[in-house]
$ cat my_file-v2.csv   # CSV, C-alpha atoms
chain,number,residue,atom,x,y,z
A,50,MET,CA,5.6,6.7,-25.4
A,51,LYS,CA,8.4,5.3,-23.3
A,52,GLN,CA,8.5,1.5,-23.2
A,53,ASN,CA,9.8,-0.7,-20.4
A,54,ILE,CA,10.7,-4.4,-20.4
A,55,LEU,CA,8.7,-6.6,-17.9
A,56,GLY,CA,11.3,-8.2,-15.6
A,57,ARG,CA,13.6,-10.7,-17.4
A,58,THR,CA,11.1,-11.3,-20.2
A,59,ASP,CA,11.2,-9.9,-23.8
A,60,ILE,CA,7.8,-8.2,-23.3
A,61,SER,CA,7.9,-4.5,-23.8
A,62,VAL,CA,5.1,-2.4,-22.3
A,63,SER,CA,4.2,1.3,-22.4
A,64,GLU,CA,4.9,3.2,-19.2
A,65,ILE,CA,1.2,4.0,-19.1
A,66,CYS,CA,-1.1,1.0,-18.8
A,67,LEU,CA,-4.9,1.2,-19.5
A,68,GLY,CA,-6.8,0.0,-16.5
A,69,THR,CA,-10.3,-1.4,-17.1
A,70,MET,CA,-12.1,-2.0,-13.8
A,71,THR,CA,-14.9,0.5,-14.5
A,72,TRP,CA,-16.0,-1.3,-17.7
A,73,GLY,CA,-19.3,-3.0,-17.3
A,74,THR,CA,-20.7,-0.8,-14.6
A,75,GLN,CA,-19.6,2.8,-14.9
A,76,ASN,CA,-18.7,2.3,-18.6
A,77,SER,CA,-20.7,0.7,-21.4
A,78,GLU,CA,-19.2,-1.6,-24.0
A,79,ALA,CA,-19.1,1.2,-26.5
A,80,GLU,CA,-17.3,3.5,-24.1
A,81,ALA,CA,-14.8,0.7,-23.2
A,82,HIS,CA,-14.1,0.2,-27.0
A,83,ALA,CA,-13.6,4.0,-27.4
A,84,GLN,CA,-11.1,4.0,-24.6
A,85,MET,CA,-9.1,1.1,-26.1
A,86,ASP,CA,-9.2,2.8,-29.5
A,87,TYR,CA,-7.8,6.1,-28.1
A,88,ALA,CA,-5.2,4.4,-25.9
A,89,ILE,CA,-3.8,2.4,-28.9
A,90,GLU,CA,-3.7,5.5,-31.1
A,91,HIS,CA,-1.7,7.3,-28.4
A,92,GLY,CA,1.0,4.8,-27.7
A,93,VAL,CA,-0.5,2.7,-25.0
A,94,ASN,CA,0.1,-1.0,-25.8
A,95,PHE,CA,-0.6,-2.4,-22.3
A,96,PHE,CA,-4.1,-3.3,-20.9
A,97,ASP,CA,-4.7,-4.6,-17.4
A,98,THR,CA,-7.9,-6.4,-16.4
A,99,ALA,CA,-9.0,-9.2,-14.0
A,100,GLU,CA,-11.6,-12.0,-13.9
A,101,LEU,CA,-13.1,-10.1,-10.9
A,102,TYR,CA,-13.8,-6.9,-12.8
A,103,PRO,CA,-15.7,-4.6,-12.9
A,104,THR,CA,-15.3,-3.4,-9.3
A,105,THR,CA,-17.4,-0.2,-9.3
A,106,PRO,CA,-19.2,-1.9,-7.6
A,107,VAL,CA,-18.3,-5.6,-7.6
A,108,SER,CA,-21.2,-8.0,-8.0
A,109,PRO,CA,-21.9,-11.6,-9.2
A,110,GLU,CA,-24.2,-10.2,-11.9
A,111,THR,CA,-21.4,-8.2,-13.6
A,112,GLN,CA,-18.3,-10.3,-12.8
A,113,GLY,CA,-16.4,-11.1,-15.9
A,114,ARG,CA,-18.0,-8.4,-18.0
A,115,THR,CA,-14.9,-6.4,-18.3
A,116,GLU,CA,-13.0,-9.2,-19.9
A,117,GLU,CA,-15.9,-9.8,-22.3
A,118,TYR,CA,-15.8,-6.1,-23.4
A,119,ILE,CA,-12.1,-6.5,-24.2
A,120,GLY,CA,-12.8,-9.7,-26.1
A,121,THR,CA,-15.4,-8.1,-28.3
A,122,TRP,CA,-13.0,-5.2,-29.0
A,123,PHE,CA,-10.3,-7.7,-30.1
A,124,GLN,CA,-12.8,-9.4,-32.3
A,125,LYS,CA,-14.0,-6.1,-33.8
A,126,SER,CA,-10.6,-4.3,-34.1
A,127,GLY,CA,-8.4,-7.3,-35.0
A,128,LYS,CA,-5.7,-5.7,-32.8
A,129,ARG,CA,-4.9,-8.5,-30.4
A,130,LYS,CA,-1.3,-8.6,-31.5
A,131,ASP,CA,-0.9,-4.9,-30.8
A,132,VAL,CA,-1.7,-5.3,-27.1
A,133,VAL,CA,0.2,-6.7,-24.2
A,134,LEU,CA,-2.7,-8.1,-22.2
A,135,ALA,CA,-2.6,-8.7,-18.4
A,136,THR,CA,-5.3,-10.3,-16.4
A,137,LYS,CA,-5.6,-11.9,-12.9
A,138,VAL,CA,-7.0,-14.9,-11.1
A,139,ALA,CA,-9.2,-13.9,-8.1
A,140,GLY,CA,-8.3,-15.1,-4.6
A,141,SER,CA,-10.7,-16.4,-2.0
A,142,GLY,CA,-13.5,-14.5,-0.4
A,143,ARG,CA,-16.2,-14.2,-3.1
A,144,ASP,CA,-18.5,-17.2,-3.1
A,145,TYR,CA,-19.7,-16.5,-6.7
A,146,ILE,CA,-16.1,-17.1,-8.0
A,147,ARG,CA,-15.4,-20.9,-7.6
A,148,GLY,CA,-17.2,-21.0,-4.3
A,149,GLY,CA,-14.8,-18.5,-2.8
A,150,ARG,CA,-12.0,-21.0,-2.3
A,151,ASP,CA,-8.3,-20.2,-2.2
A,152,ILE,CA,-6.2,-20.1,-5.3
A,153,ASP,CA,-5.0,-23.6,-6.2
A,154,ALA,CA,-3.9,-25.6,-9.3
A,155,ALA,CA,-7.5,-26.4,-10.3
A,156,SER,CA,-8.7,-22.8,-9.8
A,157,ILE,CA,-5.9,-21.4,-11.9
A,158,ARG,CA,-6.6,-23.7,-14.8
A,159,GLU,CA,-10.3,-23.0,-14.6
A,160,ALA,CA,-9.8,-19.3,-14.4
A,161,VAL,CA,-7.4,-19.2,-17.3
A,162,GLU,CA,-9.7,-21.2,-19.6
A,163,THR,CA,-12.7,-19.0,-18.6
A,164,SER,CA,-10.7,-15.7,-19.2
A,165,LEU,CA,-9.4,-16.9,-22.5
A,166,THR,CA,-13.0,-17.6,-23.6
A,167,ARG,CA,-14.2,-14.2,-22.5
A,168,LEU,CA,-11.2,-12.4,-23.9
A,169,LYS,CA,-11.6,-14.2,-27.3
A,170,THR,CA,-7.9,-15.0,-27.4
A,171,ASP,CA,-5.8,-18.1,-27.1
A,172,TYR,CA,-3.0,-16.6,-24.9
A,173,ILE,CA,-2.6,-14.1,-22.1
A,174,ASP,CA,0.6,-12.1,-22.0
A,175,LEU,CA,0.8,-11.5,-18.2
A,176,TYR,CA,-1.1,-13.7,-15.8
A,177,GLN,CA,-1.2,-12.4,-12.2
A,178,ILE,CA,-2.2,-13.8,-8.8
A,179,HIS,CA,-4.6,-11.1,-7.7
A,180,TRP,CA,-4.0,-11.5,-3.9
A,181,PRO,CA,-2.3,-14.2,-1.8
A,182,ASN,CA,-4.2,-17.0,0.0
A,183,ARG,CA,-2.5,-16.2,3.3
A,184,GLY,CA,-3.9,-12.6,3.5
A,185,THR,CA,-2.4,-9.3,2.7
A,186,TYR,CA,-1.7,-5.9,4.2
A,187,HIS,CA,-3.0,-4.2,1.1
A,188,PHE,CA,-6.6,-3.0,0.6
A,189,ARG,CA,-6.2,-0.8,3.7
A,190,GLY,CA,-5.2,-3.8,5.8
A,191,ALA,CA,-1.9,-2.4,7.0
A,192,TRP,CA,-3.2,-1.2,10.4
A,193,GLY,CA,-4.3,-4.6,11.6
A,194,PHE,CA,-1.9,-6.8,9.7
A,195,ASP,CA,-0.3,-9.6,11.7
A,196,ALA,CA,1.7,-12.3,10.0
A,197,SER,CA,2.4,-14.3,13.2
A,198,GLY,CA,-0.5,-16.7,12.5
A,199,GLN,CA,0.5,-17.6,9.0
A,200,ASP,CA,1.6,-21.2,8.3
A,201,THR,CA,5.0,-20.9,6.6
A,202,GLN,CA,5.2,-24.4,5.2
A,203,LYS,CA,1.6,-24.3,3.9
A,204,THR,CA,2.3,-21.0,2.2
A,205,LEU,CA,5.5,-22.3,0.6
A,206,SER,CA,3.7,-25.4,-0.6
A,207,GLU,CA,0.9,-23.2,-2.1
A,208,ILE,CA,3.4,-21.0,-3.9
A,209,ASN,CA,5.1,-24.1,-5.3
A,210,GLU,CA,1.8,-25.5,-6.5
A,211,LYS,CA,0.9,-22.2,-8.2
A,212,LEU,CA,4.2,-21.9,-9.9
A,213,GLU,CA,4.1,-25.5,-11.2
A,214,THR,CA,0.6,-25.0,-12.6
A,215,LEU,CA,1.6,-21.6,-14.2
A,216,GLY,CA,4.6,-23.4,-15.7
A,217,GLU,CA,2.4,-25.9,-17.3
A,218,LEU,CA,0.3,-23.2,-18.8
A,219,VAL,CA,3.3,-21.3,-20.1
A,220,LYS,CA,4.5,-24.5,-21.8
A,221,ALA,CA,1.1,-24.9,-23.3
A,222,GLY,CA,1.3,-21.4,-24.8
A,223,LYS,CA,-1.6,-20.1,-22.9
A,224,ILE,CA,0.4,-17.7,-20.7
A,225,ARG,CA,3.6,-15.8,-21.7
A,226,ALA,CA,4.7,-14.5,-18.3
A,227,ILE,CA,3.5,-14.4,-14.7
A,228,GLY,CA,3.1,-11.6,-12.1
A,229,LEU,CA,1.9,-11.0,-8.6
A,230,SER,CA,-0.4,-8.4,-7.1
A,231,ASN,CA,-1.0,-7.2,-3.6
A,232,GLU,CA,2.1,-9.1,-2.5
A,233,SER,CA,4.7,-8.5,0.1
A,234,ALA,CA,8.5,-8.4,-0.1
A,235,TRP,CA,8.8,-11.8,1.6
A,236,GLY,CA,6.1,-13.4,-0.6
A,237,THR,CA,7.7,-12.0,-3.8
A,238,GLN,CA,11.1,-13.3,-2.9
A,239,LYS,CA,9.8,-16.7,-2.2
A,240,TYR,CA,8.1,-16.9,-5.6
A,241,ILE,CA,11.5,-15.9,-7.2
A,242,ASP,CA,13.6,-18.4,-5.1
A,243,ILE,CA,11.3,-21.3,-5.7
A,244,ALA,CA,11.1,-20.6,-9.4
A,245,GLU,CA,14.8,-20.3,-9.8
A,246,ALA,CA,15.5,-23.5,-7.8
A,247,LYS,CA,13.0,-25.5,-9.8
A,248,GLY,CA,13.2,-24.0,-13.3
A,249,LEU,CA,9.7,-22.6,-13.1
A,250,PRO,CA,8.4,-19.3,-14.5
A,251,ARG,CA,10.0,-16.3,-12.9
A,252,VAL,CA,7.8,-13.4,-11.6
A,253,ALA,CA,8.1,-10.5,-14.1
A,254,SER,CA,6.1,-7.8,-12.2
A,255,ILE,CA,4.2,-7.0,-9.1
A,256,GLN,CA,1.0,-5.0,-9.2
A,257,ASN,CA,0.6,-3.1,-6.0
A,258,GLU,CA,-1.0,0.2,-5.0
A,259,TYR,CA,1.3,3.2,-5.3
A,260,ASN,CA,0.5,6.9,-5.3
A,261,LEU,CA,1.4,10.1,-3.6
A,262,LEU,CA,-0.7,9.1,-0.6
A,263,TYR,CA,0.4,5.5,-0.3
A,264,ARG,CA,4.1,4.7,-0.8
A,265,ALA,CA,4.7,1.5,1.1
A,266,PHE,CA,6.5,0.2,-2.0
A,267,ASP,CA,9.3,2.7,-1.5
A,268,LEU,CA,10.7,0.5,1.3
A,269,ASP,CA,11.5,-3.3,1.2
A,270,LEU,CA,9.6,-4.0,-2.0
A,271,SER,CA,11.6,-1.4,-4.0
A,272,GLU,CA,14.7,-3.3,-2.9
A,273,VAL,CA,13.4,-6.6,-4.2
A,274,ALA,CA,12.3,-4.9,-7.4
A,275,HIS,CA,15.8,-3.5,-7.9
A,276,HIS,CA,17.9,-6.6,-7.1
A,277,GLU,CA,15.5,-9.1,-8.6
A,278,ASN,CA,14.3,-7.1,-11.7
A,279,VAL,CA,10.6,-7.2,-10.8
A,280,GLY,CA,9.0,-4.0,-12.0
A,281,LEU,CA,6.1,-2.3,-10.2
A,282,LEU,CA,2.7,-2.0,-12.0
A,283,ALA,CA,1.4,0.8,-10.0
A,284,TYR,CA,-2.4,0.7,-9.5
A,285,SER,CA,-4.5,3.6,-8.2
A,286,PRO,CA,-1.9,6.3,-9.1
A,287,LEU,CA,-4.7,8.8,-8.4
A,288,ALA,CA,-5.7,7.1,-5.2
A,289,GLY,CA,-9.1,6.2,-6.6
A,290,GLY,CA,-9.5,9.8,-8.0
A,291,ILE,CA,-8.8,11.5,-4.6
A,292,LEU,CA,-5.7,13.2,-6.0
A,293,THR,CA,-7.7,15.0,-8.6
A,294,GLY,CA,-9.3,17.0,-5.8
A,295,LYS,CA,-12.9,16.2,-6.7
A,296,TYR,CA,-13.6,14.8,-3.3
A,297,GLN,CA,-12.2,17.7,-1.3
A,298,ASN,CA,-14.5,19.3,1.3
A,299,GLY,CA,-16.9,16.4,1.2
A,300,GLY,CA,-17.5,16.4,-2.6
A,301,ARG,CA,-19.1,13.4,-4.2
A,302,PRO,CA,-19.6,14.1,-7.9
A,303,GLU,CA,-22.5,12.1,-9.3
A,304,GLY,CA,-21.4,9.0,-11.1
A,305,SER,CA,-17.9,9.1,-9.6
A,306,ARG,CA,-16.3,6.2,-7.9
A,307,GLY,CA,-16.8,7.9,-4.5
A,308,SER,CA,-20.5,8.1,-5.1
A,309,ILE,CA,-20.6,4.3,-5.8
A,310,ASN,CA,-17.9,2.8,-3.4
A,311,LYS,CA,-18.6,5.3,-0.6
A,312,ASP,CA,-15.1,5.4,1.0
A,313,ILE,CA,-13.2,4.3,-2.1
A,314,GLY,CA,-11.9,1.1,-0.5
A,315,GLY,CA,-11.1,2.9,2.8
A,316,ARG,CA,-9.1,5.7,1.2
A,317,LEU,CA,-11.6,8.4,1.5
A,318,GLN,CA,-11.3,9.6,5.1
A,319,PRO,CA,-10.4,12.8,6.9
A,320,LEU,CA,-6.7,12.2,7.2
A,321,GLN,CA,-6.2,12.5,3.4
A,322,GLU,CA,-7.7,16.0,3.1
A,323,ALA,CA,-4.6,18.0,4.2
A,324,PRO,CA,-2.1,16.2,2.0
A,325,VAL,CA,-4.4,16.3,-1.0
A,326,LYS,CA,-4.8,20.1,-0.4
A,327,ALA,CA,-1.0,20.5,-0.4
A,328,TYR,CA,-0.6,18.5,-3.6
A,329,LEU,CA,-3.4,20.5,-5.3
A,330,GLU,CA,-1.7,23.8,-4.3
A,331,LEU,CA,1.6,22.5,-5.6
A,332,ALA,CA,0.0,21.6,-8.9
A,333,ASN,CA,-1.7,24.9,-9.2
A,334,LYS,CA,1.6,26.8,-8.4
A,335,HIS,CA,3.4,25.1,-11.2
A,336,GLU,CA,0.4,25.1,-13.6
A,337,ILE,CA,0.2,21.3,-13.8
A,338,ASP,CA,-3.0,19.4,-13.9
A,339,PRO,CA,-3.3,17.6,-10.5
A,340,ALA,CA,-4.0,14.2,-12.1
A,341,GLN,CA,-0.9,14.6,-14.3
A,342,LEU,CA,1.2,15.7,-11.3
A,343,ALA,CA,0.2,12.5,-9.5
A,344,ILE,CA,0.7,10.1,-12.5
A,345,ALA,CA,3.9,11.8,-13.7
A,346,PHE,CA,5.3,11.3,-10.2
A,347,THR,CA,4.9,7.5,-10.4
A,348,LEU,CA,6.7,7.6,-13.8
A,349,THR,CA,9.8,9.1,-12.1
A,350,ARG,CA,10.2,6.1,-9.8
A,351,PRO,CA,13.2,3.8,-10.7
A,352,PHE,CA,11.3,0.6,-9.9
A,353,LEU,CA,8.3,1.4,-12.1
A,354,ALA,CA,7.4,-0.8,-15.1
A,355,SER,CA,4.0,0.9,-15.8
A,356,SER,CA,1.5,3.1,-14.1
A,357,ILE,CA,-2.1,1.8,-14.5
A,358,ILE,CA,-4.6,4.6,-15.2
A,359,GLY,CA,-8.4,4.3,-15.1
A,360,ALA,CA,-10.9,6.7,-16.6
A,361,THR,CA,-14.7,6.8,-17.1
A,362,SER,CA,-14.5,9.2,-20.1
A,363,VAL,CA,-12.2,9.7,-23.0
A,364,GLU,CA,-11.6,13.3,-21.7
A,365,GLN,CA,-10.2,11.9,-18.5
A,366,LEU,CA,-8.2,9.4,-20.5
A,367,LYS,CA,-6.6,12.1,-22.6
A,368,VAL,CA,-5.4,13.9,-19.4
A,369,ASP,CA,-4.1,10.7,-17.9
A,370,ILE,CA,-2.2,9.5,-21.0
A,371,GLY,CA,-0.9,13.0,-21.3
A,372,SER,CA,0.9,12.5,-18.1
A,373,ALA,CA,3.7,10.7,-20.0
A,374,ASP,CA,4.6,14.1,-21.5
A,375,VAL,CA,4.8,15.9,-18.2
A,376,LYS,CA,8.3,16.2,-16.8
A,377,LEU,CA,8.5,17.2,-13.1
A,378,SER,CA,11.2,19.7,-12.2
A,379,ASP,CA,13.7,19.2,-9.3
A,380,GLU,CA,11.8,21.9,-7.5
A,381,VAL,CA,8.5,20.0,-7.8
A,382,LEU,CA,10.0,16.7,-6.8
A,383,LYS,CA,11.6,18.3,-3.7
A,384,ALA,CA,8.2,19.8,-2.8
A,385,ILE,CA,6.6,16.4,-3.2
A,386,ALA,CA,9.3,14.9,-0.9
A,387,ASP,CA,8.5,17.6,1.7
A,388,ILE,CA,4.8,17.0,1.6
A,389,HIS,CA,5.4,13.2,1.9
A,390,ARG,CA,7.6,13.7,4.9
A,391,GLN,CA,4.8,15.6,6.6
A,392,TYR,CA,2.1,13.2,5.6
A,393,PRO,CA,3.8,9.8,5.1
A,394,MET,CA,0.8,7.5,4.7
A,395,PRO,CA,-2.5,9.2,5.2
A,396,ILE,CA,-4.6,6.5,3.6

$ encode --input "my_file-v2.csv" --output "structure tokens"
Amino acid sequence: MKQNILGRTDISVSEICLGTMTWGTQNSEAEAHAQMDYAIEHGVNFFDTAELYPTTPVSPETQGRTEEYIGTWFQKSGKRKDVVLATKVAGSGRDYIRGGRDIDAASIREAVETSLTRLKTDYIDLYQIHWPNRGTYHFRGAWGFDASGQDTQKTLSEINEKLETLGELVKAGKIRAIGLSNESAWGTQKYIDIAEAKGLPRVASIQNEYNLLYRAFDLDLSEVAHHENVGLLAYSPLAGGILTGKYQNGGRPEGSRGSINKDIGGRLQPLQEAPVKAYLELANKHEIDPAQLAIAFTLTRPFLASSIIGATSVEQLKVDIGSADVKLSDEVLKAIADIHRQYPMPI
């Protein structure tokens, strides 16, 4: 499988990353272990998780369980050194995680130590800020986003504090590299500028949503990614499963994400029906699995470092990982561009 370097680090990751957010609710520990076994055997060396996970659904009772499953797999398999492991510190808003407070120096240190314990490892390859303190237009927040009330100096001070703390953890050998998630172009650039000015860890990647139905990254963030060498870790390349077609015409397969998180984080609404139908017809015309069409598209993007897949069965995992072998023709790519022009952001 093709490998990409994360930012300006020496860390090489597979272009397909194994996402884990269903482990602990939709997937048992044994199923999680089976997925990790299969992924490693088929060229995937990159796993992404978070202290918040699982998210299907989120709850205080299951929070942290996903990291625990990865930890028991490391212990059982002895393959920690074969994996580039990414995890995240949760932001504010959930009272059962550090009282729901904003990310600060103390919360980062506490989160890192707790994750290391659950993961049964003494280092994390990529440590990410899950979402910014100041708010974000991600998670379907674009329609009401308004940055005019943000405190610029407070935000810059917080970024500096986070970078200094992460720098200490890098020096201690507990983190190898840092990344962002659900960030903006301005926020990403400020992390880079402050790090370069003060000799602090430089952002290696940004994990944002990116799929055929949601392509905000194509604009300002892609420019930052290019000029600053900060690769995209694309989450939800299947738009929460919507691009497989299983939710068309009101479908809600039992046990699916749409049957648990009813609107799949605001994605599942009438405006996505028409573009999904168009992508399904395109996939059928060219005899490409719809999931592989969607994931393979993300792999064509010049700013991509890795596309984060998620599966609830090894059969789904086989299809998703197989996307790395699907090469989209110029005809297919043109058709995708035409559909995108007609339905630029339907979720």

$ residues_near_point --input "my_file-v2.csv" --point "(-4.3, -0.4, 5.5)" --cutoff "12 Å" --atoms "only C-alpha atoms" --output "list in words"
Thr185, Tyr186, His187, Phe188, Arg189, Gly190, Ala191, Trp192, Gly193, Phe194, Asp195, Asn231, Glu258, Leu262, Tyr263, Arg264, Ala265, Gly314, Gly315, Arg316, Met394, Pro395 and Ile396 of chain A

$ atom_distance --input "my_file-v2.csv" --atom1 "CA of Leu282 (chain A)" --atom2 "CA of Gln238 (chain A)"
16.8 Å

$ closest_atom_pairs --input "my_file-v2.csv" --of "region 50-82 of chain A" --to "region 245-255 of chain A" --cutoff "12 Å" --atoms "only C-alpha atoms" --output "CSV"
residue,atom,partner,partner_atom,distance
A:Asn53,CA,A:Ser254,CA,11.5
A:Ile54,CA,A:Ala253,CA,9.1
A:Leu55,CA,A:Ala253,CA,5.5
A:Gly56,CA,A:Ala253,CA,4.2
A:Arg57,CA,A:Ala253,CA,6.4
A:Thr58,CA,A:Ala253,CA,6.8
A:Asp59,CA,A:Ala253,CA,10.2
A:Ile60,CA,A:Ala253,CA,9.5
A:Ser61,CA,A:Ala253,CA,11.4
A:Val62,CA,A:Ser254,CA,11.5

$ closest_residue --input "my_file-v2.csv" --among "A:Gly228, A:Gly307, A:Pro103, A:Gly149" --to "Lys137 (chain A)" --atoms "all atoms listed in the file"
A:Gly228

$ closest_residue --input "my_file-v2.csv" --among "A:Thr214, A:Gln297, A:Gln365, A:Thr74" --to "Ala154 (chain A)" --atoms "all atoms listed in the file"
A:Thr214

$ closest_residue --input "my_file-v2.csv" --among "A:Pro324, A:Pro181, A:Pro351, A:Pro302" --to "Tyr392 (chain A)" --atoms "all atoms listed in the file"
A:Pro324

$ residues_around --input "my_file-v2.csv" --residues "Ala360 (chain A)" --least-positions-apart "2" --cutoff "9 Å" --atoms "all atoms listed in the file" --output "ChimeraX atom specification"
/A:67-69,71,84,358,362-366,369

$ closest_residue --input "my_file-v2.csv" --among "A:Gly140, A:Gly73, A:Gly92, A:Gly148" --to "Arg114 (chain A)" --atoms "all atoms listed in the file"
A:Gly73

$ closest_residue --input "my_file-v2.csv" --among "A:Thr98, A:Ser197, A:Gln124, A:Asn260" --to "Cys66 (chain A)" --atoms "only C-alpha atoms"
A:Thr98

$ closest_residue --input "my_file-v2.csv" --among "A:Ile388, A:Ile152, A:Ile65, A:Leu353" --to "Glu207 (chain A)" --atoms "only C-alpha atoms"
A:Ile152

$ atom_distance --input "my_file-v2.csv" --atom1 "CA of Leu281 (chain A)" --atom2 "CA of Ser355 (chain A)"
6.8 Å

$ residues_around --input "my_file-v2.csv" --residues "Ser285 (chain A)" --least-positions-apart "4" --cutoff "9 Å" --atoms "only C-alpha atoms" --output "short mmCIF file (atom, residue, chain, number, x, y, z; two decimals) with C-alpha atoms, in the coordinates of the input"
data_model
loop_
_atom_site.label_atom_id
_atom_site.label_comp_id
_atom_site.auth_asym_id
_atom_site.auth_seq_id
_atom_site.Cartn_x
_atom_site.Cartn_y
_atom_site.Cartn_z
CA ASN A 257 0.60 -3.10 -6.00
CA GLU A 258 -1.00 0.20 -5.00
CA TYR A 259 1.30 3.20 -5.30
CA ASN A 260 0.50 6.90 -5.30
CA GLY A 289 -9.10 6.20 -6.60
CA GLY A 290 -9.50 9.80 -8.00
CA SER A 356 1.50 3.10 -14.10
CA ILE A 357 -2.10 1.80 -14.50
CA ILE A 358 -4.60 4.60 -15.20
CA GLY A 359 -8.40 4.30 -15.10
#

$ residues_around --input "my_file-v2.csv" --residues "Glu64 (chain A)" --least-positions-apart "3" --cutoff "8 Å" --atoms "only C-alpha atoms" --output "PyMOL selection string"
chain A and resi 50-53+93+348+354-356+373

$ atom_distance --input "my_file-v2.csv" --atom1 "CA of Ile119 (chain A)" --atom2 "CA of Gly184 (chain A)"
29.5 Å

$ residues_around --input "my_file-v2.csv" --residues "Lys295 (chain A)" --least-positions-apart "3" --cutoff "12 Å" --atoms "all atoms listed in the file" --output "list of chain:residue names"
A:Leu287, A:Ala288, A:Gly289, A:Gly290, A:Ile291, A:Leu292, A:Asn298, A:Gly299, A:Gly300, A:Arg301, A:Pro302, A:Glu303, A:Gly304, A:Ser305, A:Arg306, A:Gly307, A:Ser308, A:Leu317, A:Glu322, A:Val325, A:Lys326, A:Leu329, A:Pro339, A:Ala340

$ write_last_selection --input "my_file-v2.csv" --atoms "C-alpha atoms" --output "PDB file, keeping the file's coordinate frame"
ATOM      1  CA  LEU A 287      -4.700   8.800  -8.400  1.00  0.00           C
ATOM      2  CA  ALA A 288      -5.700   7.100  -5.200  1.00  0.00           C
ATOM      3  CA  GLY A 289      -9.100   6.200  -6.600  1.00  0.00           C
ATOM      4  CA  GLY A 290      -9.500   9.800  -8.000  1.00  0.00           C
ATOM      5  CA  ILE A 291      -8.800  11.500  -4.600  1.00  0.00           C
ATOM      6  CA  LEU A 292      -5.700  13.200  -6.000  1.00  0.00           C
ATOM      7  CA  ASN A 298     -14.500  19.300   1.300  1.00  0.00           C
ATOM      8  CA  GLY A 299     -16.900  16.400   1.200  1.00  0.00           C
ATOM      9  CA  GLY A 300     -17.500  16.400  -2.600  1.00  0.00           C
ATOM     10  CA  ARG A 301     -19.100  13.400  -4.200  1.00  0.00           C
ATOM     11  CA  PRO A 302     -19.600  14.100  -7.900  1.00  0.00           C
ATOM     12  CA  GLU A 303     -22.500  12.100  -9.300  1.00  0.00           C
ATOM     13  CA  GLY A 304     -21.400   9.000 -11.100  1.00  0.00           C
ATOM     14  CA  SER A 305     -17.900   9.100  -9.600  1.00  0.00           C
ATOM     15  CA  ARG A 306     -16.300   6.200  -7.900  1.00  0.00           C
ATOM     16  CA  GLY A 307     -16.800   7.900  -4.500  1.00  0.00           C
ATOM     17  CA  SER A 308     -20.500   8.100  -5.100  1.00  0.00           C
ATOM     18  CA  LEU A 317     -11.600   8.400   1.500  1.00  0.00           C
ATOM     19  CA  GLU A 322      -7.700  16.000   3.100  1.00  0.00           C
ATOM     20  CA  VAL A 325      -4.400  16.300  -1.000  1.00  0.00           C
ATOM     21  CA  LYS A 326      -4.800  20.100  -0.400  1.00  0.00           C
ATOM     22  CA  LEU A 329      -3.400  20.500  -5.300  1.00  0.00           C
ATOM     23  CA  PRO A 339      -3.300  17.600 -10.500  1.00  0.00           C
ATOM     24  CA  ALA A 340      -4.000  14.200 -12.100  1.00  0.00           C
TER      25      ALA A 340
END

$ residues_around --input "my_file-v2.csv" --residues "Glu159 (chain A)" --least-positions-apart "5" --cutoff "10 Å" --atoms "all atoms listed in the file" --output "list in words"
Val138, Arg147, Asp153, Ala154 and Ser164 of chain A

$ residues_near_point --input "my_file-v2.csv" --point "(-15.9, -11.8, -19.0)" --cutoff "9 Å" --atoms "only C-alpha atoms" --output "JSON list (two decimals) with C-alpha atoms, in the frame of the given file"
[["chain", "number", "residue", "atom", "x", "y", "z"],
["A", 99, "ALA", "CA", -9.00, -9.20, -14.00],
["A", 100, "GLU", "CA", -11.60, -12.00, -13.90],
["A", 101, "LEU", "CA", -13.10, -10.10, -10.90],
["A", 102, "TYR", "CA", -13.80, -6.90, -12.80],
["A", 111, "THR", "CA", -21.40, -8.20, -13.60],
["A", 112, "GLN", "CA", -18.30, -10.30, -12.80],
["A", 113, "GLY", "CA", -16.40, -11.10, -15.90],
["A", 114, "ARG", "CA", -18.00, -8.40, -18.00],
["A", 115, "THR", "CA", -14.90, -6.40, -18.30],
["A", 116, "GLU", "CA", -13.00, -9.20, -19.90],
["A", 117, "GLU", "CA", -15.90, -9.80, -22.30],
["A", 118, "TYR", "CA", -15.80, -6.10, -23.40],
["A", 119, "ILE", "CA", -12.10, -6.50, -24.20],
["A", 120, "GLY", "CA", -12.80, -9.70, -26.10],
["A", 163, "THR", "CA", -12.70, -19.00, -18.60],
["A", 164, "SER", "CA", -10.70, -15.70, -19.20],
["A", 165, "LEU", "CA", -9.40, -16.90, -22.50],
["A", 166, "THR", "CA", -13.00, -17.60, -23.60],
["A", 167, "ARG", "CA", -14.20, -14.20, -22.50],
["A", 168, "LEU", "CA", -11.20, -12.40, -23.90]]
